[in-house]
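Pasted below: input.pdb, PDB, C-alpha atoms and all ligand atoms.
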MODEL        1
ATOM      1  CA  MET A   1     -19.317  -4.280 -20.198  1.00  0.00           C
ATOM      2  CA  PRO A   2     -15.652  -3.692 -21.070  1.00  0.00           C
ATOM      3  CA  GLU A   3     -13.264  -4.944 -18.452  1.00  0.00           C
ATOM      4  CA  ILE A   4     -11.599  -2.195 -16.439  1.00  0.00           C
ATOM      5  CA  PRO A   5      -7.829  -2.773 -16.564  1.00  0.00           C
ATOM      6  CA  VAL A   6      -5.847  -3.100 -13.343  1.00  0.00           C
ATOM      7  CA  ILE A   7      -2.135  -3.170 -12.521  1.00  0.00           C
ATOM      8  CA  THR A   8      -1.235  -4.464  -9.052  1.00  0.00           C
ATOM      9  CA  ILE A   9       1.942  -3.626  -7.173  1.00  0.00           C
ATOM     10  CA  ASP A  10       2.597  -5.621  -4.015  1.00  0.00           C
ATOM     11  CA  GLY A  11       5.519  -6.017  -1.676  1.00  0.00           C
ATOM     12  CA  PRO A  12       6.821  -5.056   1.754  1.00  0.00           C
ATOM     13  CA  SER A  13       7.471  -1.483   2.865  1.00  0.00           C
ATOM     14  CA  GLY A  14      10.513   0.325   1.525  1.00  0.00           C
ATOM     15  CA  THR A  15      10.510  -1.272  -1.915  1.00  0.00           C
ATOM     16  CA  GLY A  16       9.231   1.802  -3.798  1.00  0.00           C
ATOM     17  CA  LYS A  17       5.642   0.582  -4.328  1.00  0.00           C
ATOM     18  CA  GLY A  18       4.065   3.946  -3.583  1.00  0.00           C
ATOM     19  CA  VAL A  19       6.293   5.976  -5.891  1.00  0.00           C
ATOM     20  CA  LEU A  20       5.978   3.388  -8.658  1.00  0.00           C
ATOM     21  CA  CYS A  21       2.197   3.300  -8.285  1.00  0.00           C
ATOM     22  CA  GLY A  22       1.979   7.122  -8.498  1.00  0.00           C
ATOM     23  CA  TYR A  23       4.280   7.174 -11.516  1.00  0.00           C
ATOM     24  CA  LEU A  24       2.259   4.582 -13.444  1.00  0.00           C
ATOM     25  CA  ALA A  25      -1.098   6.149 -12.536  1.00  0.00           C
ATOM     26  CA  ASP A  26       0.147   9.563 -13.770  1.00  0.00           C
ATOM     27  CA  ARG A  27       1.663   8.125 -16.916  1.00  0.00           C
ATOM     28  CA  LEU A  28      -1.420   6.114 -17.842  1.00  0.00           C
ATOM     29  CA  GLY A  29      -3.953   8.656 -16.553  1.00  0.00           C
ATOM     30  CA  TRP A  30      -5.507   5.898 -14.416  1.00  0.00           C
ATOM     31  CA  HIS A  31      -6.916   5.949 -10.880  1.00  0.00           C
ATOM     32  CA  ARG A  32      -4.737   4.971  -7.994  1.00  0.00           C
ATOM     33  CA  LEU A  33      -5.407   2.954  -4.847  1.00  0.00           C
ATOM     34  CA  ASP A  34      -3.015   3.133  -1.900  1.00  0.00           C
ATOM     35  CA  SER A  35      -4.552   0.244   0.036  1.00  0.00           C
ATOM     36  CA  GLY A  36      -2.054   0.606   2.898  1.00  0.00           C
ATOM     37  CA  ALA A  37      -3.542   4.064   3.567  1.00  0.00           C
ATOM     38  CA  LEU A  38      -6.942   2.444   4.210  1.00  0.00           C
ATOM     39  CA  TYR A  39      -5.451   0.070   6.801  1.00  0.00           C
ATOM     40  CA  ARG A  40      -3.561   3.006   8.288  1.00  0.00           C
ATOM     41  CA  VAL A  41      -6.761   5.071   8.591  1.00  0.00           C
ATOM     42  CA  VAL A  42      -8.472   2.152  10.371  1.00  0.00           C
ATOM     43  CA  ALA A  43      -5.480   2.081  12.750  1.00  0.00           C
ATOM     44  CA  HIS A  44      -5.613   5.851  13.219  1.00  0.00           C
ATOM     45  CA  VAL A  45      -9.310   5.775  14.146  1.00  0.00           C
ATOM     46  CA  ALA A  46      -8.775   2.773  16.455  1.00  0.00           C
ATOM     47  CA  LEU A  47      -5.889   4.540  18.222  1.00  0.00           C
ATOM     48  CA  SER A  48      -7.860   7.755  18.622  1.00  0.00           C
ATOM     49  CA  ARG A  49     -10.825   5.859  20.097  1.00  0.00           C
ATOM     50  CA  GLY A  50      -8.674   3.654  22.300  1.00  0.00           C
ATOM     51  CA  VAL A  51      -9.917   0.437  20.652  1.00  0.00           C
ATOM     52  CA  ALA A  52      -7.906  -2.655  21.639  1.00  0.00           C
ATOM     53  CA  LEU A  53      -6.069  -4.292  18.737  1.00  0.00           C
ATOM     54  CA  GLU A  54      -7.499  -7.684  19.702  1.00  0.00           C
ATOM     55  CA  ASN A  55     -11.050  -6.378  19.368  1.00  0.00           C
ATOM     56  CA  ASP A  56     -11.690  -7.577  15.831  1.00  0.00           C
ATOM     57  CA  ALA A  57     -15.433  -6.801  15.921  1.00  0.00           C
ATOM     58  CA  GLU A  58     -14.827  -3.155  16.814  1.00  0.00           C
ATOM     59  CA  LEU A  59     -11.987  -2.855  14.277  1.00  0.00           C
ATOM     60  CA  ALA A  60     -14.164  -4.376  11.554  1.00  0.00           C
ATOM     61  CA  GLN A  61     -16.929  -1.942  12.476  1.00  0.00           C
ATOM     62  CA  ILE A  62     -14.496   0.960  11.966  1.00  0.00           C
ATOM     63  CA  ALA A  63     -13.363  -0.536   8.641  1.00  0.00           C
ATOM     64  CA  SER A  64     -16.872  -1.102   7.314  1.00  0.00           C
ATOM     65  CA  SER A  65     -18.023   2.432   8.058  1.00  0.00           C
ATOM     66  CA  LEU A  66     -14.835   4.111   6.863  1.00  0.00           C
ATOM     67  CA  ASP A  67     -15.326   7.375   4.951  1.00  0.00           C
ATOM     68  CA  VAL A  68     -11.976   7.980   3.244  1.00  0.00           C
ATOM     69  CA  SER A  69     -11.197   9.946   0.123  1.00  0.00           C
ATOM     70  CA  PHE A  70      -7.957  10.729  -1.653  1.00  0.00           C
ATOM     71  CA  LYS A  71      -7.443  14.266  -2.899  1.00  0.00           C
ATOM     72  CA  GLN A  72      -4.678  15.251  -5.257  1.00  0.00           C
ATOM     73  CA  GLY A  73      -2.679  17.982  -3.476  1.00  0.00           C
ATOM     74  CA  ARG A  74       0.545  19.683  -4.562  1.00  0.00           C
ATOM     75  CA  GLY A  75       2.320  16.723  -6.125  1.00  0.00           C
ATOM     76  CA  GLU A  76       1.013  14.292  -3.526  1.00  0.00           C
ATOM     77  CA  SER A  77      -2.234  12.703  -2.630  1.00  0.00           C
ATOM     78  CA  ARG A  78      -3.943  13.830   0.589  1.00  0.00           C
ATOM     79  CA  VAL A  79      -5.940  11.367   2.671  1.00  0.00           C
ATOM     80  CA  ILE A  80      -9.214  12.796   3.960  1.00  0.00           C
ATOM     81  CA  LEU A  81     -11.261  11.184   6.720  1.00  0.00           C
ATOM     82  CA  ASP A  82     -14.993  11.910   7.118  1.00  0.00           C
ATOM     83  CA  GLY A  83     -14.907  14.530   4.386  1.00  0.00           C
ATOM     84  CA  ASN A  84     -12.958  17.137   6.337  1.00  0.00           C
ATOM     85  CA  GLN A  85     -10.069  15.683   8.359  1.00  0.00           C
ATOM     86  CA  ASP A  86      -6.710  15.634   6.584  1.00  0.00           C
ATOM     87  CA  VAL A  87      -4.981  12.628   8.182  1.00  0.00           C
ATOM     88  CA  SER A  88      -2.173  12.381   5.580  1.00  0.00           C
ATOM     89  CA  GLY A  89       0.581  13.122   8.118  1.00  0.00           C
ATOM     90  CA  ALA A  90      -0.979  11.342  11.085  1.00  0.00           C
ATOM     91  CA  ILE A  91      -1.279   7.985   9.299  1.00  0.00           C
ATOM     92  CA  ARG A  92       2.375   7.943   8.171  1.00  0.00           C
ATOM     93  CA  THR A  93       3.920   7.498  11.619  1.00  0.00           C
ATOM     94  CA  GLU A  94       5.645   4.215  12.505  1.00  0.00           C
ATOM     95  CA  THR A  95       3.125   3.691  15.316  1.00  0.00           C
ATOM     96  CA  CYS A  96       0.267   3.935  12.858  1.00  0.00           C
ATOM     97  CA  GLY A  97       2.037   1.584  10.404  1.00  0.00           C
ATOM     98  CA  ASN A  98       2.632  -1.028  13.083  1.00  0.00           C
ATOM     99  CA  THR A  99      -0.919  -0.712  14.375  1.00  0.00           C
ATOM    100  CA  ALA A 100      -2.220  -1.028  10.803  1.00  0.00           C
ATOM    101  CA  SER A 101      -0.244  -4.232  10.379  1.00  0.00           C
ATOM    102  CA  GLN A 102      -1.814  -5.665  13.551  1.00  0.00           C
ATOM    103  CA  ALA A 103      -5.339  -4.589  12.586  1.00  0.00           C
ATOM    104  CA  ALA A 104      -4.773  -6.014   9.087  1.00  0.00           C
ATOM    105  CA  ALA A 105      -4.190  -9.501  10.493  1.00  0.00           C
ATOM    106  CA  HIS A 106      -7.906  -9.790  11.409  1.00  0.00           C
ATOM    107  CA  LYS A 107     -10.020 -11.527   8.788  1.00  0.00           C
ATOM    108  CA  ALA A 108     -13.068  -9.378   9.604  1.00  0.00           C
ATOM    109  CA  VAL A 109     -11.095  -6.184   8.980  1.00  0.00           C
ATOM    110  CA  ARG A 110      -9.795  -7.421   5.628  1.00  0.00           C
ATOM    111  CA  GLN A 111     -13.267  -8.517   4.577  1.00  0.00           C
ATOM    112  CA  ALA A 112     -14.727  -5.148   5.561  1.00  0.00           C
ATOM    113  CA  LEU A 113     -12.211  -3.362   3.324  1.00  0.00           C
ATOM    114  CA  LEU A 114     -12.541  -5.692   0.337  1.00  0.00           C
ATOM    115  CA  GLN A 115     -15.532  -4.055  -1.369  1.00  0.00           C
ATOM    116  CA  LEU A 116     -14.250  -0.571  -0.623  1.00  0.00           C
ATOM    117  CA  GLN A 117     -10.978  -1.396  -2.392  1.00  0.00           C
ATOM    118  CA  ARG A 118     -12.762  -2.902  -5.392  1.00  0.00           C
ATOM    119  CA  GLN A 119     -14.830   0.273  -5.784  1.00  0.00           C
ATOM    120  CA  PHE A 120     -11.652   2.066  -6.859  1.00  0.00           C
ATOM    121  CA  ARG A 121     -11.677   0.017 -10.059  1.00  0.00           C
ATOM    122  CA  GLN A 122     -13.044   2.594 -12.445  1.00  0.00           C
ATOM    123  CA  MET A 123     -12.460   3.568 -16.038  1.00  0.00           C
ATOM    124  CA  PRO A 124     -10.020   4.153 -17.621  1.00  0.00           C
ATOM    125  CA  GLY A 125      -8.062   1.882 -15.241  1.00  0.00           C
ATOM    126  CA  LEU A 126      -6.526   1.390 -11.802  1.00  0.00           C
ATOM    127  CA  VAL A 127      -3.034   1.029 -10.409  1.00  0.00           C
ATOM    128  CA  ALA A 128      -3.267  -0.466  -6.908  1.00  0.00           C
ATOM    129  CA  ASP A 129      -0.512  -1.016  -4.380  1.00  0.00           C
ATOM    130  CA  GLY A 130      -0.444  -3.051  -1.186  1.00  0.00           C
ATOM    131  CA  ARG A 131       0.219  -6.574   0.058  1.00  0.00           C
ATOM    132  CA  ASP A 132      -2.602  -8.638  -1.447  1.00  0.00           C
ATOM    133  CA  MET A 133      -3.682  -6.638  -4.499  1.00  0.00           C
ATOM    134  CA  GLY A 134      -2.652  -9.356  -6.974  1.00  0.00           C
ATOM    135  CA  THR A 135      -3.561 -12.354  -4.823  1.00  0.00           C
ATOM    136  CA  VAL A 136      -6.920 -11.417  -3.278  1.00  0.00           C
ATOM    137  CA  VAL A 137      -8.359  -8.017  -4.190  1.00  0.00           C
ATOM    138  CA  PHE A 138      -7.739  -8.007  -7.961  1.00  0.00           C
ATOM    139  CA  PRO A 139      -6.756 -11.590  -8.860  1.00  0.00           C
ATOM    140  CA  ASP A 140      -7.739 -10.929 -12.502  1.00  0.00           C
ATOM    141  CA  ALA A 141      -5.368  -7.951 -12.918  1.00  0.00           C
ATOM    142  CA  GLY A 142      -3.740  -7.729 -16.355  1.00  0.00           C
ATOM    143  CA  LEU A 143      -0.301  -7.083 -14.876  1.00  0.00           C
ATOM    144  CA  LYS A 144       0.992  -7.989 -11.415  1.00  0.00           C
ATOM    145  CA  ILE A 145       4.253  -6.682 -10.050  1.00  0.00           C
ATOM    146  CA  PHE A 146       5.843  -7.807  -6.772  1.00  0.00           C
ATOM    147  CA  LEU A 147       8.697  -5.664  -5.475  1.00  0.00           C
ATOM    148  CA  THR A 148      11.265  -6.951  -2.982  1.00  0.00           C
ATOM    149  CA  ALA A 149      14.487  -5.563  -1.472  1.00  0.00           C
ATOM    150  CA  SER A 150      16.794  -6.731   1.310  1.00  0.00           C
ATOM    151  CA  PRO A 151      15.652  -5.789   4.844  1.00  0.00           C
ATOM    152  CA  GLU A 152      18.795  -3.647   5.296  1.00  0.00           C
ATOM    153  CA  VAL A 153      18.123  -1.614   2.142  1.00  0.00           C
ATOM    154  CA  ARG A 154      14.481  -1.148   3.089  1.00  0.00           C
ATOM    155  CA  ALA A 155      15.297  -0.005   6.631  1.00  0.00           C
ATOM    156  CA  ASP A 156      17.859   2.412   5.231  1.00  0.00           C
ATOM    157  CA  ARG A 157      15.374   3.894   2.729  1.00  0.00           C
ATOM    158  CA  ARG A 158      12.735   4.302   5.404  1.00  0.00           C
ATOM    159  CA  TYR A 159      15.291   5.892   7.740  1.00  0.00           C
ATOM    160  CA  LYS A 160      16.228   8.491   5.097  1.00  0.00           C
ATOM    161  CA  GLN A 161      12.555   9.166   4.325  1.00  0.00           C
ATOM    162  CA  LEU A 162      11.758   9.832   7.986  1.00  0.00           C
ATOM    163  CA  LYS A 163      14.905  11.950   8.470  1.00  0.00           C
ATOM    164  CA  ASP A 164      14.034  14.033   5.405  1.00  0.00           C
ATOM    165  CA  LYS A 165      10.659  14.735   6.970  1.00  0.00           C
ATOM    166  CA  GLY A 166      12.438  16.023  10.082  1.00  0.00           C
ATOM    167  CA  ASN A 167      11.710  13.031  12.346  1.00  0.00           C
ATOM    168  CA  SER A 168      14.294  11.796  14.816  1.00  0.00           C
ATOM    169  CA  VAL A 169      14.793   8.074  14.208  1.00  0.00           C
ATOM    170  CA  ASN A 170      16.897   5.271  15.556  1.00  0.00           C
ATOM    171  CA  LEU A 171      18.046   3.032  12.698  1.00  0.00           C
ATOM    172  CA  ALA A 172      18.445  -0.118  14.824  1.00  0.00           C
ATOM    173  CA  ARG A 173      14.971   0.223  16.309  1.00  0.00           C
ATOM    174  CA  LEU A 174      13.441   1.076  12.944  1.00  0.00           C
ATOM    175  CA  SER A 175      15.117  -1.944  11.401  1.00  0.00           C
ATOM    176  CA  ALA A 176      13.768  -4.247  14.149  1.00  0.00           C
ATOM    177  CA  GLU A 177      10.254  -2.819  13.741  1.00  0.00           C
ATOM    178  CA  ILE A 178      10.326  -3.262   9.971  1.00  0.00           C
ATOM    179  CA  LYS A 179      11.402  -6.905  10.355  1.00  0.00           C
ATOM    180  CA  GLU A 180       8.662  -7.500  12.894  1.00  0.00           C
ATOM    181  CA  ARG A 181       6.012  -5.870  10.677  1.00  0.00           C
ATOM    182  CA  ASP A 182       7.115  -7.841   7.587  1.00  0.00           C
ATOM    183  CA  ALA A 183       7.126 -11.112   9.524  1.00  0.00           C
ATOM    184  CA  ARG A 184       3.578 -10.404  10.706  1.00  0.00           C
ATOM    185  CA  ASP A 185       2.365  -9.367   7.223  1.00  0.00           C
ATOM    186  CA  ALA A 186       3.983 -12.393   5.576  1.00  0.00           C
ATOM    187  CA  GLY A 187       3.102 -14.884   8.313  1.00  0.00           C
ATOM    188  CA  ARG A 188      -0.590 -14.131   8.856  1.00  0.00           C
ATOM    189  CA  SER A 189      -3.012 -16.838   7.849  1.00  0.00           C
ATOM    190  CA  ILE A 190      -5.282 -14.576   5.817  1.00  0.00           C
ATOM    191  CA  SER A 191      -4.026 -12.760   2.696  1.00  0.00           C
ATOM    192  CA  PRO A 192      -0.356 -13.027   3.620  1.00  0.00           C
ATOM    193  CA  LEU A 193       2.264 -10.957   1.846  1.00  0.00           C
ATOM    194  CA  ILE A 194       3.256 -13.318  -0.969  1.00  0.00           C
ATOM    195  CA  PRO A 195       3.651 -12.830  -4.710  1.00  0.00           C
ATOM    196  CA  ALA A 196       0.752 -14.050  -6.855  1.00  0.00           C
ATOM    197  CA  PRO A 197       1.872 -17.058  -8.936  1.00  0.00           C
ATOM    198  CA  ASP A 198       1.607 -14.899 -12.077  1.00  0.00           C
ATOM    199  CA  ALA A 199       3.382 -11.845 -10.623  1.00  0.00           C
ATOM    200  CA  ILE A 200       6.631 -10.461 -12.018  1.00  0.00           C
ATOM    201  CA  VAL A 201       9.027 -10.288  -9.059  1.00  0.00           C
ATOM    202  CA  ILE A 202      11.603  -7.482  -9.115  1.00  0.00           C
ATOM    203  CA  ASP A 203      14.358  -7.113  -6.512  1.00  0.00           C
ATOM    204  CA  THR A 204      14.907  -3.365  -6.109  1.00  0.00           C
ATOM    205  CA  SER A 205      17.873  -3.593  -3.680  1.00  0.00           C
ATOM    206  CA  GLU A 206      20.329  -2.480  -6.339  1.00  0.00           C
ATOM    207  CA  LEU A 207      17.993  -0.232  -8.327  1.00  0.00           C
ATOM    208  CA  ASN A 208      17.116   3.408  -7.831  1.00  0.00           C
ATOM    209  CA  ILE A 209      13.478   4.429  -8.139  1.00  0.00           C
ATOM    210  CA  ASP A 210      13.873   5.716 -11.725  1.00  0.00           C
ATOM    211  CA  GLU A 211      15.280   2.339 -12.742  1.00  0.00           C
ATOM    212  CA  VAL A 212      12.383   0.550 -11.034  1.00  0.00           C
ATOM    213  CA  CYS A 213       9.877   2.783 -12.842  1.00  0.00           C
ATOM    214  CA  SER A 214      11.402   2.272 -16.289  1.00  0.00           C
ATOM    215  CA  ARG A 215      11.765  -1.485 -15.725  1.00  0.00           C
ATOM    216  CA  VAL A 216       8.075  -1.750 -14.860  1.00  0.00           C
ATOM    217  CA  ALA A 217       7.045   0.684 -17.631  1.00  0.00           C
ATOM    218  CA  ALA A 218       8.615  -1.778 -20.085  1.00  0.00           C
ATOM    219  CA  GLU A 219       6.404  -4.548 -18.646  1.00  0.00           C
ATOM    220  CA  VAL A 220       3.347  -2.286 -18.832  1.00  0.00           C
ATOM    221  CA  GLU A 221       4.090  -1.601 -22.468  1.00  0.00           C
ATOM    222  CA  LYS A 222       3.953  -5.324 -23.253  1.00  0.00           C
ATOM    223  CA  VAL A 223       0.419  -5.575 -21.850  1.00  0.00           C
ATOM    224  CA  PHE A 224      -1.175  -2.116 -22.191  1.00  0.00           C
ATOM    225  CA  ARG A 225      -0.460   0.777 -24.477  1.00  0.00           C
ATOM    226  CA  LEU A 226       1.515   3.539 -22.744  1.00  0.00           C
ATOM    227  CA  PRO A 227       0.744   7.131 -23.722  1.00  0.00           C
TER     228      PRO A 227
HETATM  229  O1  LIG A 301       1.864  -0.117   2.738  1.00  0.00           O
HETATM  230  P1  LIG A 301       1.764   0.446   4.138  1.00  0.00           P
HETATM  231  O2  LIG A 301       3.071   0.466   4.887  1.00  0.00           O
HETATM  232  O3  LIG A 301       1.125   1.783   4.145  1.00  0.00           O
HETATM  233  O4  LIG A 301       0.787  -0.557   4.926  1.00  0.00           O
HETATM  234  C1  LIG A 301       0.588  -0.496   6.319  1.00  0.00           C
HETATM  235  C2  LIG A 301       0.143  -1.860   6.838  1.00  0.00           C
HETATM  236  O5  LIG A 301      -1.151  -2.183   6.329  1.00  0.00           O
HETATM  237  C3  LIG A 301       1.028  -3.029   6.419  1.00  0.00           C
HETATM  238  O6  LIG A 301       2.070  -3.274   7.352  1.00  0.00           O
HETATM  239  C4  LIG A 301       0.077  -4.185   6.352  1.00  0.00           C
HETATM  240  C5  LIG A 301      -1.251  -3.568   6.047  1.00  0.00           C
HETATM  241  N1  LIG A 301      -1.660  -3.767   4.647  1.00  0.00           N
HETATM  242  C6  LIG A 301      -2.232  -4.973   4.330  1.00  0.00           C
HETATM  243  O7  LIG A 301      -2.316  -5.865   5.177  1.00  0.00           O
HETATM  244  N2  LIG A 301      -2.706  -5.187   3.074  1.00  0.00           N
HETATM  245  C7  LIG A 301      -2.590  -4.241   2.135  1.00  0.00           C
HETATM  246  N3  LIG A 301      -3.080  -4.476   0.914  1.00  0.00           N
HETATM  247  C8  LIG A 301      -1.963  -3.001   2.432  1.00  0.00           C
HETATM  248  C9  LIG A 301      -1.496  -2.798   3.704  1.00  0.00           C
ENDMDL
END
Represent the structure of the file as structure tokens.
Amino acid sequence: MPEIPVITIDGPSGTGKGVLCGYLADRLGWHRLDSGALYRVVAHVALSRGVALENDAELAQIASSLDVSFKQGRGESRVILDGNQDVSGAIRTETCGNTASQAAAHKAVRQALLQLQRQFRQMPGLVADGRDMGTVVFPDAGLKIFLTASPEVRADRRYKQLKDKGNSVNLARLSAEIKERDARDAGRSISPLIPAPDAIVIDTSELNIDEVCSRVAAEVEKVFRLP
């Protein structure tokens, strides 16, 4: 069986992973996996059912029975739970992101989502973004990118994103929450946020998103043929 090609894009929030992943998937005509959305949906379900974040068995149960699909909407992908609930907006809140980060620290939750993530690997190829795509989920990926940016730049980007969506945000609090979330994601014992040894690390602090995309497109071209 021919190997299905994969590109992984890992890094903390606010580095442009999502936009880059969408750009490459469109350009190559490949499938896309937003793995953070899966952790966010687990968090969303846990919050709506009042499940304690220490209850790893219950969280893993939610993760293993998750029915999530991604539907291409107007320019952006919609996240659908149980076939009919559009949770795209609900999972993007800071509360959901922080809860996802806490749920994601449980080994049982990560294991429950492993197979589901690997099922997205389908012809003609997959571009996957997250924290452990290159280290754990797709260690044999043909190209691994790890994006970084200073915490200040990332907090600022996130602040603008939330403001643009009409949310009222406090930059200092947002910044503290982002630092806390990154420390938890990078410090956990299982699948921590670290670059794979064979990943290309790109600091995006001084780059705009178009520059990030063309920089990575040049790397893609060295490994795969770009249309
Ligand atoms: O990428 P994101 O902000 O949507 O991810 C939300 C949280 O989910 C993140 O703080 C940690 C967790 N996550 C993870 O542990 N592993 C992944 N591959 C993706 C996300």
Using the chain letters and numbers from the file, which residues does the PyMOL selection byres (((chain A and resi 193) around 8) and not hetatm) grab, as an MDAnalysis selection string? chainID A and resid 10:12 131:132 185:187 191:192 194:195
Go through the chains and note each residue within 6 Å of ligand LIG 301 (chain A), using only C-alpha atoms and all ligand atoms, then give the set as a ChimeraX atom specification. /A:13,35-37,39-40,97,100-101,104,130-133,181,185
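The set of residues that the PyMOL selection byres (((chain A and resi 161) around 12) and not hetatm) takes from this file is A:Ser13, A:Gly14, A:Gly16, A:Arg92, A:Thr93, A:Glu94, A:Arg154, A:Ala155, A:Asp156, A:Arg157, A:Arg158, A:Tyr159, A:Lys160, A:Leu162, A:Lys163, A:Asp164, A:Lys165, A:Gly166, A:Asn167, A:Ser168, A:Val169, A:Leu171, A:Leu174.
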Residues at most 12 Å from Phe138 in chain A, counting only C-alpha atoms, excluding those fewer than 3 positions away in the same chain, as a PyMOL selection string? chain A and resi 4-10+33+35+114-115+117-121+126-135+141-144+196
Take the PyMOL selection byres (((chain A and resi 62-65) around 6) and not hetatm), run it mentally on this structure, and tell me the resulting residues as a list in words. Val42, Leu59, Ala60, Gln61, Leu66 and Ala112 of chain A
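You will find CA of Ala57 in chain A at 20.6 Å from CA of Leu81 in chain A.
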